[in-house]
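Structure file final_21.cif; described as mmCIF, C-alpha atoms.
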data_coords
#
loop_
_atom_site.label_atom_id
_atom_site.label_comp_id
_atom_site.auth_asym_id
_atom_site.auth_seq_id
_atom_site.Cartn_x
_atom_site.Cartn_y
_atom_site.Cartn_z
CA MET A 1 -55.88 -54.02 -14.80
CA LYS A 2 -55.61 -53.95 -18.58
CA ILE A 3 -59.09 -55.44 -19.07
CA ALA A 4 -60.59 -52.89 -16.71
CA GLU A 5 -58.82 -50.12 -18.59
CA ILE A 6 -60.12 -51.31 -21.93
CA GLU A 7 -63.63 -51.66 -20.54
CA THR A 8 -63.71 -48.14 -19.18
CA THR A 9 -62.32 -46.85 -22.47
CA HIS A 10 -65.10 -48.73 -24.24
CA MET A 11 -67.68 -47.11 -22.02
CA ILE A 12 -66.06 -43.76 -22.59
CA LEU A 13 -65.61 -43.90 -26.32
CA GLY A 14 -69.07 -45.09 -27.33
CA LYS A 15 -69.80 -46.91 -30.58
CA SER A 16 -67.87 -45.13 -33.30
CA GLY A 17 -64.86 -44.68 -31.06
CA ARG A 18 -65.06 -48.34 -30.14
CA ASN A 19 -64.31 -49.37 -33.69
CA LYS A 20 -61.31 -47.06 -33.84
CA LEU A 21 -60.07 -48.36 -30.50
CA LEU A 22 -60.50 -51.96 -31.66
CA GLY A 23 -58.45 -51.05 -34.71
CA LEU A 24 -55.73 -49.58 -32.52
CA ILE A 25 -55.68 -52.58 -30.22
CA SER A 26 -55.49 -55.01 -33.10
CA LEU A 27 -52.62 -52.99 -34.57
CA PHE A 28 -50.89 -53.16 -31.20
CA VAL A 29 -51.44 -56.92 -30.90
CA PHE A 30 -50.33 -57.44 -34.49
CA CYS A 31 -47.14 -55.47 -33.89
CA SER A 32 -46.37 -57.41 -30.72
CA ALA A 33 -47.02 -60.71 -32.47
CA LEU A 34 -44.72 -59.62 -35.27
CA ALA A 35 -42.10 -58.66 -32.74
CA SER A 36 -42.19 -61.81 -30.68
CA SER A 37 -41.87 -63.93 -33.82
CA ALA A 38 -39.03 -61.91 -35.30
CA ALA A 39 -37.17 -60.17 -32.53
CA PRO A 40 -36.25 -62.42 -29.61
CA LYS A 41 -32.77 -63.54 -30.47
CA SER A 42 -30.91 -64.65 -27.42
CA ASP A 43 -27.79 -62.80 -26.42
CA GLY A 44 -26.29 -64.01 -23.19
CA GLY A 45 -26.68 -60.67 -21.39
CA SER A 46 -25.45 -57.75 -23.42
CA GLU A 47 -25.06 -54.24 -22.07
CA GLY A 48 -28.20 -52.65 -20.65
CA HIS A 49 -30.41 -55.63 -21.39
CA GLY A 50 -28.97 -58.31 -19.12
CA ALA A 51 -30.35 -59.35 -15.76
CA VAL A 52 -30.23 -56.40 -13.37
CA THR A 53 -28.88 -57.33 -9.95
CA SER A 54 -26.08 -55.03 -8.79
CA GLU A 55 -26.23 -51.35 -7.92
CA SER A 56 -24.25 -50.19 -10.96
CA GLU A 57 -26.47 -52.25 -13.26
CA ILE A 58 -29.53 -50.61 -11.70
CA ASN A 59 -28.03 -47.16 -12.29
CA GLU A 60 -27.35 -48.06 -15.89
CA TYR A 61 -30.85 -49.47 -16.35
CA ILE A 62 -32.46 -46.30 -14.94
CA LEU A 63 -30.38 -44.08 -17.22
CA HIS A 64 -31.28 -46.35 -20.11
CA HIS A 65 -34.98 -45.89 -19.30
CA ILE A 66 -34.67 -42.10 -19.07
CA LYS A 67 -33.14 -41.94 -22.54
CA ASP A 68 -35.04 -42.36 -25.77
CA ALA A 69 -34.81 -45.77 -27.42
CA HIS A 70 -35.05 -47.14 -30.94
CA ASP A 71 -37.21 -50.11 -30.02
CA PHE A 72 -40.16 -50.58 -27.73
CA HIS A 73 -38.93 -52.81 -24.94
CA LEU A 74 -41.41 -53.93 -22.29
CA PHE A 75 -39.45 -56.49 -20.26
CA SER A 76 -36.88 -59.29 -20.49
CA TYR A 77 -36.63 -62.67 -18.86
CA ASN A 78 -34.41 -65.77 -18.88
CA ASP A 79 -35.97 -68.85 -20.44
CA ALA A 80 -35.44 -72.45 -19.36
CA GLU A 81 -32.16 -72.72 -21.25
CA GLY A 82 -30.84 -69.57 -19.63
CA HIS A 83 -31.16 -67.43 -22.76
CA ARG A 84 -32.22 -63.83 -22.42
CA LYS A 85 -35.58 -63.12 -24.08
CA HIS A 86 -36.82 -59.61 -24.82
CA ILE A 87 -40.51 -58.76 -25.08
CA GLY A 88 -41.48 -55.69 -27.04
CA PHE A 89 -41.77 -54.66 -30.64
CA PRO A 90 -39.41 -52.97 -33.07
CA LEU A 91 -39.97 -49.45 -34.36
CA PRO A 92 -38.95 -48.10 -37.75
CA VAL A 93 -35.47 -46.63 -38.10
CA ILE A 94 -35.25 -43.79 -40.62
CA VAL A 95 -31.79 -42.39 -41.16
CA TYR A 96 -30.36 -40.02 -43.71
CA SER A 97 -26.93 -41.44 -44.48
CA SER A 98 -24.24 -40.26 -46.90
CA LYS A 99 -25.89 -42.38 -49.62
CA GLY A 100 -29.43 -41.12 -49.01
CA LEU A 101 -32.43 -42.21 -47.00
CA ARG A 102 -32.38 -45.68 -45.42
CA THR A 103 -35.32 -47.28 -43.60
CA PHE A 104 -35.55 -50.60 -41.79
CA MET A 105 -37.01 -51.97 -38.57
CA SER A 106 -35.00 -51.62 -35.38
CA SER A 107 -35.15 -55.43 -34.92
CA GLU A 108 -32.30 -55.57 -37.45
CA PHE A 109 -29.99 -54.46 -34.66
CA HIS A 110 -31.00 -57.54 -32.60
CA HIS A 111 -31.16 -55.56 -29.35
CA ASP A 112 -27.51 -54.64 -29.71
CA ASP A 113 -26.64 -51.25 -28.27
CA SER A 114 -22.88 -51.60 -28.02
CA GLY A 115 -22.06 -51.06 -31.70
CA HIS A 116 -21.13 -54.71 -32.43
CA HIS A 117 -23.97 -55.64 -34.76
CA VAL A 118 -23.54 -54.06 -38.19
CA VAL A 119 -26.64 -53.56 -40.33
CA GLU A 120 -26.04 -53.51 -44.08
CA SER A 121 -28.67 -51.48 -45.91
CA ASP A 122 -28.06 -50.93 -49.65
CA GLY A 123 -24.34 -50.37 -49.33
CA VAL A 124 -24.49 -48.43 -46.07
CA SER A 125 -23.17 -50.03 -42.87
CA LEU A 126 -24.88 -48.80 -39.73
CA VAL A 127 -24.27 -49.55 -36.06
CA LYS A 128 -26.17 -48.51 -32.93
CA TYR A 129 -24.14 -47.40 -29.95
CA HIS A 130 -25.84 -46.00 -26.81
CA GLU A 131 -29.03 -45.33 -28.83
CA LYS A 132 -27.13 -43.32 -31.42
CA ILE A 133 -26.84 -44.58 -34.97
CA TYR A 134 -23.46 -44.27 -36.69
CA GLU A 135 -22.49 -44.94 -40.27
CA LEU A 136 -19.25 -46.86 -40.75
CA ASN A 137 -16.70 -45.21 -42.99
CA GLU A 138 -15.77 -46.76 -46.36
CA GLY A 139 -13.93 -50.05 -45.91
CA ALA A 140 -14.55 -50.40 -42.15
CA HIS A 141 -16.18 -53.62 -40.95
CA ALA A 142 -16.38 -53.04 -37.20
CA VAL A 143 -16.66 -49.87 -35.20
CA GLU A 144 -13.71 -48.75 -33.05
CA PHE A 145 -13.83 -46.30 -30.17
CA ASP A 146 -11.33 -43.91 -28.62
CA GLU A 147 -10.99 -43.36 -24.85
CA ALA A 148 -13.92 -40.93 -24.70
CA HIS A 149 -16.21 -43.55 -26.33
CA HIS A 150 -16.40 -41.62 -29.59
CA PRO A 151 -16.24 -43.82 -32.67
CA THR A 152 -13.05 -43.25 -34.67
CA ASN A 153 -14.03 -44.87 -37.97
CA ALA A 154 -17.72 -43.95 -38.10
CA HIS A 155 -19.79 -40.76 -38.22
CA ALA A 156 -23.22 -39.80 -36.95
CA VAL A 157 -26.16 -39.76 -39.37
CA LEU A 158 -29.28 -37.61 -39.43
CA ASP A 159 -31.66 -39.76 -37.39
CA LEU A 160 -35.37 -39.28 -38.17
CA SER A 161 -36.47 -42.60 -36.65
CA ILE A 162 -39.83 -43.22 -35.03
CA THR A 163 -38.29 -43.74 -31.60
CA LYS A 164 -40.08 -44.81 -28.43
CA SER A 165 -40.81 -41.19 -27.47
CA ILE A 166 -42.08 -40.29 -30.91
CA PHE A 167 -44.28 -43.39 -30.84
CA GLY A 168 -45.66 -42.17 -27.50
CA PHE A 169 -46.03 -38.68 -28.92
CA LEU A 170 -48.15 -40.06 -31.80
CA LEU A 171 -50.15 -42.23 -29.38
CA VAL A 172 -50.99 -39.19 -27.24
CA SER A 173 -51.94 -37.23 -30.35
CA ILE A 174 -54.26 -39.99 -31.54
CA LEU A 175 -55.88 -40.32 -28.10
CA MET A 176 -56.42 -36.56 -27.95
CA LEU A 177 -57.79 -36.43 -31.49
CA ILE A 178 -60.28 -39.21 -30.71
CA ALA A 179 -61.39 -37.72 -27.38
CA PHE A 180 -61.64 -34.08 -28.44
CA GLY A 181 -62.89 -34.85 -31.95
CA ARG A 182 -65.81 -36.74 -30.44
CA LEU A 183 -66.49 -33.93 -27.98
CA ALA A 184 -66.50 -31.37 -30.78
CA LYS A 185 -68.90 -33.53 -32.81
CA GLN A 186 -71.22 -33.84 -29.81
CA TYR A 187 -71.43 -30.08 -29.34
CA LYS A 188 -72.92 -29.77 -32.84
CA LYS A 189 -75.91 -31.84 -31.77
CA GLN A 190 -76.37 -31.13 -28.06
CA ALA A 191 -75.31 -28.64 -25.42
CA VAL A 192 -74.34 -31.22 -22.80
CA PRO A 193 -71.73 -33.80 -23.77
CA THR A 194 -72.06 -37.47 -22.87
CA GLY A 195 -69.51 -40.10 -21.91
CA PHE A 196 -65.86 -39.09 -21.66
CA GLY A 197 -66.77 -35.58 -22.83
CA ARG A 198 -68.23 -34.99 -19.38
CA VAL A 199 -64.76 -35.48 -17.92
CA LEU A 200 -63.15 -33.20 -20.47
CA GLU A 201 -65.62 -30.31 -20.38
CA PRO A 202 -64.82 -29.04 -16.86
CA LEU A 203 -61.10 -29.31 -17.62
CA ILE A 204 -61.51 -27.28 -20.79
CA LEU A 205 -63.51 -24.68 -18.91
CA TYR A 206 -60.87 -24.69 -16.18
CA VAL A 207 -58.07 -23.95 -18.65
CA ARG A 208 -60.16 -21.23 -20.30
CA ASP A 209 -61.57 -19.53 -17.20
CA GLU A 210 -58.81 -20.04 -14.63
CA ILE A 211 -55.67 -19.98 -16.76
CA ALA A 212 -56.28 -18.13 -20.06
CA ARG A 213 -58.81 -15.47 -19.09
CA PRO A 214 -57.28 -13.98 -15.92
CA ASN A 215 -53.69 -14.05 -17.23
CA ILE A 216 -54.14 -12.86 -20.80
CA GLY A 217 -57.06 -10.52 -20.33
CA GLU A 218 -60.67 -10.40 -21.47
CA LYS A 219 -59.83 -8.84 -24.84
CA HIS A 220 -57.24 -11.26 -26.24
CA TYR A 221 -57.65 -14.57 -24.41
CA ARG A 222 -59.71 -16.24 -27.17
CA ARG A 223 -56.84 -16.18 -29.66
CA PHE A 224 -54.55 -18.16 -27.35
CA THR A 225 -56.96 -20.55 -25.64
CA GLY A 226 -56.49 -23.19 -28.36
CA PHE A 227 -52.72 -23.25 -27.93
CA LEU A 228 -52.91 -23.30 -24.13
CA MET A 229 -55.47 -26.10 -24.18
CA THR A 230 -53.35 -28.22 -26.56
CA VAL A 231 -50.24 -27.72 -24.46
CA PHE A 232 -52.07 -28.49 -21.22
CA PHE A 233 -53.70 -31.70 -22.39
CA PHE A 234 -50.63 -32.87 -24.30
CA ILE A 235 -48.32 -32.47 -21.31
CA TRP A 236 -50.82 -33.97 -18.90
CA THR A 237 -51.57 -37.02 -21.07
CA SER A 238 -47.86 -37.56 -21.74
CA ASN A 239 -47.05 -37.32 -18.03
CA LEU A 240 -49.79 -39.81 -17.17
CA LEU A 241 -48.62 -42.15 -19.93
CA GLY A 242 -45.17 -41.97 -18.37
CA LEU A 243 -46.60 -43.37 -15.14
CA THR A 244 -47.95 -46.52 -16.81
CA PRO A 245 -45.65 -49.55 -16.91
CA LEU A 246 -45.22 -49.09 -20.66
CA GLY A 247 -42.01 -47.19 -20.02
CA PHE A 248 -42.66 -43.98 -21.91
CA ASN A 249 -40.72 -40.88 -20.94
CA ILE A 250 -42.06 -38.34 -23.40
CA THR A 251 -42.02 -35.08 -21.45
CA GLY A 252 -38.73 -36.16 -19.86
CA GLN A 253 -37.01 -35.70 -23.23
CA LEU A 254 -35.25 -32.37 -23.59
CA ALA A 255 -36.15 -32.24 -27.29
CA VAL A 256 -39.89 -32.46 -26.53
CA THR A 257 -39.86 -29.79 -23.81
CA PHE A 258 -37.62 -27.63 -26.01
CA THR A 259 -40.19 -27.73 -28.80
CA LEU A 260 -43.06 -26.93 -26.42
CA ALA A 261 -41.12 -23.99 -24.96
CA LEU A 262 -40.17 -22.84 -28.46
CA PHE A 263 -43.87 -22.58 -29.35
CA THR A 264 -44.52 -20.46 -26.28
CA TYR A 265 -41.52 -18.28 -27.13
CA LEU A 266 -42.52 -17.71 -30.76
CA ILE A 267 -46.17 -17.04 -29.91
CA THR A 268 -45.14 -14.59 -27.19
CA GLN A 269 -42.73 -12.69 -29.44
CA PHE A 270 -44.99 -12.58 -32.49
CA SER A 271 -48.01 -11.36 -30.55
CA GLY A 272 -46.02 -8.70 -28.69
CA THR A 273 -47.47 -5.21 -28.88
CA LYS A 274 -45.54 -2.00 -29.48
CA ASP A 275 -45.53 -1.39 -25.73
CA TYR A 276 -43.98 -4.80 -25.07
CA TRP A 277 -41.05 -4.12 -27.39
CA LYS A 278 -40.69 -0.60 -26.08
CA HIS A 279 -40.38 -1.94 -22.54
CA ILE A 280 -37.63 -4.27 -23.73
CA PHE A 281 -35.48 -1.95 -25.85
CA TRP A 282 -36.23 1.51 -24.46
CA MET A 283 -37.70 1.19 -20.96
CA PRO A 284 -39.79 4.30 -20.32
CA GLY A 285 -39.33 6.27 -17.13
CA VAL A 286 -35.64 5.51 -16.46
CA PRO A 287 -32.55 7.62 -17.30
CA VAL A 288 -30.83 7.03 -20.66
CA PRO A 289 -27.69 5.23 -19.31
CA MET A 290 -29.99 2.82 -17.47
CA LYS A 291 -31.99 2.27 -20.66
CA ILE A 292 -28.81 1.15 -22.44
CA ILE A 293 -27.93 -1.25 -19.60
CA LEU A 294 -31.48 -2.58 -19.30
CA ALA A 295 -32.00 -3.38 -23.01
CA PRO A 296 -29.65 -6.43 -23.19
CA ILE A 297 -30.86 -7.67 -19.80
CA GLU A 298 -34.49 -7.47 -20.89
CA LEU A 299 -33.64 -9.13 -24.21
CA LEU A 300 -31.95 -11.97 -22.32
CA GLY A 301 -35.01 -12.09 -20.06
CA THR A 302 -37.21 -13.05 -23.01
CA LEU A 303 -34.96 -16.08 -23.58
CA THR A 304 -34.64 -17.20 -19.97
CA LYS A 305 -38.41 -17.52 -19.62
CA PRO A 306 -38.85 -20.30 -22.20
CA PHE A 307 -35.52 -21.79 -21.08
CA SER A 308 -36.82 -22.21 -17.54
CA LEU A 309 -40.10 -23.65 -18.92
CA MET A 310 -38.07 -26.24 -20.83
CA ILE A 311 -35.77 -27.17 -17.95
CA ARG A 312 -38.55 -27.27 -15.35
CA LEU A 313 -40.73 -29.78 -17.20
CA PHE A 314 -37.77 -31.93 -18.28
CA ALA A 315 -36.15 -32.00 -14.83
CA ASN A 316 -39.37 -32.63 -12.92
CA ILE A 317 -40.48 -35.56 -15.05
CA SER A 318 -36.99 -37.08 -15.33
CA ALA A 319 -36.45 -36.74 -11.58
CA GLY A 320 -39.84 -38.34 -10.93
CA HIS A 321 -39.01 -41.31 -13.15
CA ILE A 322 -35.57 -41.75 -11.58
CA VAL A 323 -36.97 -41.69 -8.03
CA VAL A 324 -39.81 -44.12 -8.80
CA MET A 325 -37.39 -46.54 -10.46
CA SER A 326 -34.91 -46.20 -7.61
CA LEU A 327 -37.63 -47.05 -5.09
CA ILE A 328 -38.67 -50.04 -7.16
CA SER A 329 -35.08 -51.26 -7.24
CA ILE A 330 -35.01 -51.27 -3.42
CA ALA A 331 -36.58 -54.71 -3.86
CA ILE A 332 -33.33 -55.84 -5.50
CA ILE A 333 -30.80 -53.93 -3.38
CA MET A 334 -32.29 -54.71 0.06
CA LYS A 335 -33.03 -58.35 -0.74
CA SER A 336 -30.00 -59.61 1.18
CA THR A 337 -30.79 -57.65 4.37
CA LEU A 338 -34.59 -57.70 4.53
CA GLY A 339 -35.36 -60.92 2.68
CA ALA A 340 -37.28 -61.12 -0.59
CA ALA A 341 -40.74 -60.51 0.92
CA GLY A 342 -39.69 -57.64 3.19
CA ALA A 343 -37.75 -55.84 0.46
CA THR A 344 -40.59 -56.21 -2.02
CA LEU A 345 -43.14 -54.96 0.51
CA LEU A 346 -40.97 -51.94 1.38
CA SER A 347 -40.37 -50.99 -2.24
CA LEU A 348 -44.03 -51.58 -3.08
CA ALA A 349 -45.23 -49.31 -0.27
CA LEU A 350 -42.72 -46.53 -1.03
CA SER A 351 -43.21 -46.60 -4.78
CA PHE A 352 -46.99 -46.69 -4.34
CA PHE A 353 -46.97 -43.46 -2.34
CA LEU A 354 -44.47 -41.84 -4.66
CA THR A 355 -46.59 -42.77 -7.66
CA LEU A 356 -49.52 -41.02 -6.01
CA ILE A 357 -47.36 -37.91 -5.62
CA GLU A 358 -46.29 -38.28 -9.24
CA LEU A 359 -49.95 -38.26 -10.27
CA LEU A 360 -50.20 -34.84 -8.64
CA VAL A 361 -46.93 -33.71 -10.22
CA ALA A 362 -48.18 -34.84 -13.65
CA PHE A 363 -51.12 -32.46 -13.34
CA LEU A 364 -49.16 -29.71 -11.60
CA GLN A 365 -46.45 -29.56 -14.26
CA ALA A 366 -49.03 -29.37 -17.06
CA TYR A 367 -50.81 -26.64 -15.08
CA ILE A 368 -47.62 -24.66 -14.41
CA PHE A 369 -46.40 -24.87 -17.99
CA THR A 370 -49.77 -23.64 -19.27
CA MET A 371 -50.11 -21.04 -16.53
CA LEU A 372 -46.67 -19.52 -17.14
CA SER A 373 -47.18 -19.61 -20.93
CA ALA A 374 -50.44 -17.70 -20.42
CA LEU A 375 -48.64 -15.27 -18.10
CA PHE A 376 -45.87 -14.59 -20.64
CA ILE A 377 -48.36 -14.17 -23.48
CA GLY A 378 -50.42 -11.91 -21.23
CA MET A 379 -47.37 -9.71 -20.58
CA ALA A 380 -46.77 -9.42 -24.34
CA VAL A 381 -50.31 -8.47 -25.35
CA GLU A 382 -51.02 -6.25 -22.35
CA GLU A 383 -51.95 -2.67 -23.21
CA HIS A 384 -50.38 -0.16 -20.87
CA ASP A 385 -52.16 3.02 -19.98
CA HIS A 386 -49.85 5.94 -20.64
CA HIS A 387 -49.29 8.35 -17.80
CA MET B 388 -20.54 -36.93 -10.36
CA THR B 389 -17.49 -35.37 -8.77
CA ILE B 390 -17.38 -34.01 -5.20
CA PRO B 391 -17.57 -30.29 -6.20
CA ASN B 392 -20.65 -31.15 -8.28
CA LEU B 393 -22.31 -32.87 -5.35
CA VAL B 394 -21.50 -29.98 -2.97
CA GLY B 395 -22.88 -27.52 -5.53
CA ALA B 396 -26.06 -29.58 -5.91
CA GLY B 397 -26.43 -29.60 -2.12
CA LEU B 398 -26.02 -25.81 -1.95
CA ILE B 399 -28.63 -25.35 -4.69
CA VAL B 400 -31.07 -27.56 -2.82
CA ILE B 401 -30.45 -25.66 0.46
CA GLY B 402 -31.11 -22.35 -1.30
CA ALA B 403 -34.22 -23.63 -3.07
CA GLY B 404 -35.46 -25.16 0.19
CA ILE B 405 -35.14 -21.86 2.05
CA GLY B 406 -36.90 -20.07 -0.79
CA LEU B 407 -39.74 -22.57 -1.02
CA GLY B 408 -40.11 -22.52 2.76
CA ASN B 409 -40.46 -18.75 2.73
CA ILE B 410 -43.02 -18.83 -0.07
CA GLY B 411 -45.06 -21.59 1.58
CA GLY B 412 -44.86 -20.01 5.02
CA SER B 413 -45.94 -16.60 3.81
CA ALA B 414 -48.78 -18.12 1.81
CA MET B 415 -49.97 -19.99 4.91
CA GLU B 416 -49.92 -16.77 6.93
CA GLY B 417 -51.80 -14.97 4.19
CA ILE B 418 -54.43 -17.69 4.02
CA ALA B 419 -54.81 -17.69 7.82
CA ARG B 420 -55.40 -13.93 7.79
CA GLN B 421 -57.70 -13.92 4.79
CA PRO B 422 -59.25 -17.35 4.22
CA GLU B 423 -61.53 -15.92 1.51
CA ALA B 424 -58.47 -15.10 -0.64
CA THR B 425 -57.19 -18.71 -0.53
CA ASN B 426 -57.52 -19.35 -4.27
CA LYS B 427 -55.71 -16.20 -5.32
CA ILE B 428 -52.91 -16.77 -2.80
CA GLN B 429 -52.51 -20.40 -3.88
CA THR B 430 -52.24 -19.47 -7.56
CA ALA B 431 -49.66 -16.78 -6.85
CA MET B 432 -47.78 -19.18 -4.57
CA ILE B 433 -47.62 -21.90 -7.22
CA ILE B 434 -46.39 -19.44 -9.87
CA ILE B 435 -43.62 -18.09 -7.66
CA ALA B 436 -42.67 -21.58 -6.51
CA ALA B 437 -42.52 -22.65 -10.16
CA LEU B 438 -40.24 -19.71 -11.03
CA LEU B 439 -37.94 -20.61 -8.15
CA GLU B 440 -38.01 -24.25 -9.13
CA GLY B 441 -37.07 -23.33 -12.68
CA LEU B 442 -34.08 -21.40 -11.37
CA ALA B 443 -32.95 -24.26 -9.13
CA PHE B 444 -33.39 -26.89 -11.84
CA GLY B 445 -31.58 -24.67 -14.31
CA ALA B 446 -28.60 -24.44 -11.93
CA LEU B 447 -28.66 -28.20 -11.29
CA PHE B 448 -28.84 -28.87 -15.02
CA LEU B 449 -25.97 -26.52 -15.87
CA GLY B 450 -23.82 -28.00 -13.09
CA LYS B 451 -24.40 -31.59 -14.17
#

Show how you would write the structure in this file as structure tokens.
Amino acid sequence: MKIAEIETTHMILGKSGRNKLLGLISLFVFCSALASSAAPKSDGGSEGHGAVTSESEINEYILHHIKDAHDFHLFSYNDAEGHRKHIGFPLPVIVYSSKGLRTFMSSEFHHDDSGHHVVESDGVSLVKYHEKIYELNEGAHAVEFDEAHHPTNAHAVLDLSITKSIFGFLLVSILMLIAFGRLAKQYKKQAVPTGFGRVLEPLILYVRDEIARPNIGEKHYRRFTGFLMTVFFFIWTSNLLGLTPLGFNITGQLAVTFTLALFTYLITQFSGTKDYWKHIFWMPGVPVPMKIILAPIELLGTLTKPFSLMIRLFANISAGHIVVMSLISIAIIMKSTLGAAGATLLSLALSFFLTLIELLVAFLQAYIFTMLSALFIGMAVEEHDHH
Amino acid sequence: MTIPNLVGAGLIVIGAGIGLGNIGGSAMEGIARQPEATNKIQTAMIIIAALLEGLAFGALFLGK
């Protein structure tokens, strides 16, 4: 499948893009080679990374996948001696500790996520516990936890690491820059794009003519088309990347959807006309006591719109990932009743159909986010005729 | 997940299901009466379904 993917991308990208893609691939291969030489240290089956067989382990594994991670972990296996091997590559950890900025690769943690492995970095002791990095207090050599699993002798640090989601975020950005940059360059020479641009052009026109224009209005839609297009293609590409076996969950991170919704919120508020604000604070056409009651409700209404945008995208994508992974794990759970072949076949069939639905959801969520953003912006820039 | 949480989640899903059923059913009726307005009805349907979905997910998220 990978070869076919690369071939189609080659066809799509043409000559100049091919060089860039080759560069990317070689970077990828280089990183993986680096990782497999440095990272795989056996640990007999630590938390979250051991063999997954029981129901509780599956639950834990799924939750682990939904969360962001500090290293890029593709899969694990047991070698001939029974040691656990991890395949993936480390990502840079950038933390702002009490003694300043510290950077190192996440392989320093040796796949430990239970806070046992202490990394010394220029006089700062750091541990990773449930994908959170803590700095040990002065004099402490091992982290201790209270009943609620909060460390007692360590404190959280400002974590600016390139995590798995941020890596995916950058990957999507690079892919979009290559694809749309090429399309923009083509339009300077010819009216009809070639290659992958032919796939993108109708989508761009769709966003402009079916989402931006009818919802924002003929007069203002041009100003916002760029934002809507970026949001649409970013969410869609991220959602599709989440369906590949690489294990990304970019739009299923609350921080990512929060930022996207924040952009919509700020753009809506800053492009609001006088009428828009008047309808919020001093609703025309209703009695004065009602105006006083309506103002806080309307003000709250401006916040609930981006809040529901944020929750909708996050919950849909997270739920999709959880259900797909649960269906895949049927192969493990039902093995004793249906036999290995039957359980695998069942989980394969179910997860295949669900993945098809997820393909639709990936597009639909991008569409809905863009559509509602356009609708909210349209409400803010709308000019009311005064009666 | 405690039992009140699960019951609450079930209630949310029942409510959202009824709502989505109403939206879908009405849209179907509308399309059957006016097949030429299919696109407009579908767009409106998806927007309203998305608003309802946002509400339901918000409740599920807050009750987690």

(message) Residues of chain B within 8 Å of chain A, counting all atoms listed in the file, what are they? List them as number ranges by chain.
(response) B: 433-434, 437-438, 440-442, 444-445, 448

(message) Selection in question (the file shown): the PyMOL selection byres ((chain A and resi 131) around 8). Which residues does it include, as number ranges by chain?
(response) A: 68-70, 113, 128-130, 132-133

(message) So that I can see what lies close to stretch 405-416 of chain B, please list as a VMD selection string the residues with an atom at most 7 Å from it, counting only C-alpha atoms and leaving out residues fewer than 6 positions away in the same chain.
(response) chain B and resid 428 432 436

(message) Using Å and a single decimal, report how far atom CA of A:Ala261 sits from atom CA of A:Ile204.
(response)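 Result for atom CA of A:Ile204 versus atom CA of A:Ala261: 21.1 Å, one decimal.
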
(request) Could you tell me how far atom CA of A:His384 lies from atom CA of A:Met229, in Å and to one decimal? (result)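 Atom-to-atom, atom CA of A:His384 to atom CA of A:Met229, that is 26.6 Å.
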
(message) Taking the file as I've supplied it (selection: the PyMOL selection byres ((chain A and resi 326) around 12)), which residues are included? Please answer as an MDAnalysis selection string.
(response) chainID A and resid 55:63 65 319:325 327:334 347:348 350:351 354

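Evaluated against this file, the PyMOL selection byres ((chain A and resi 100) around 12) yields Ile94, Val95, Tyr96, Ser97, Ser98, Lys99, Leu101, Arg102, Thr103, Ser121, Asp122, Gly123, Val124, Glu135, Val157, Leu158 and Asp159 of chain A.
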
(message) Using Å and a single decimal, report how far atom CA of A:Phe89 sits from atom CA of A:Phe72.
(response)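 Rounded to one decimal, the two atoms are 5.3 Å apart.
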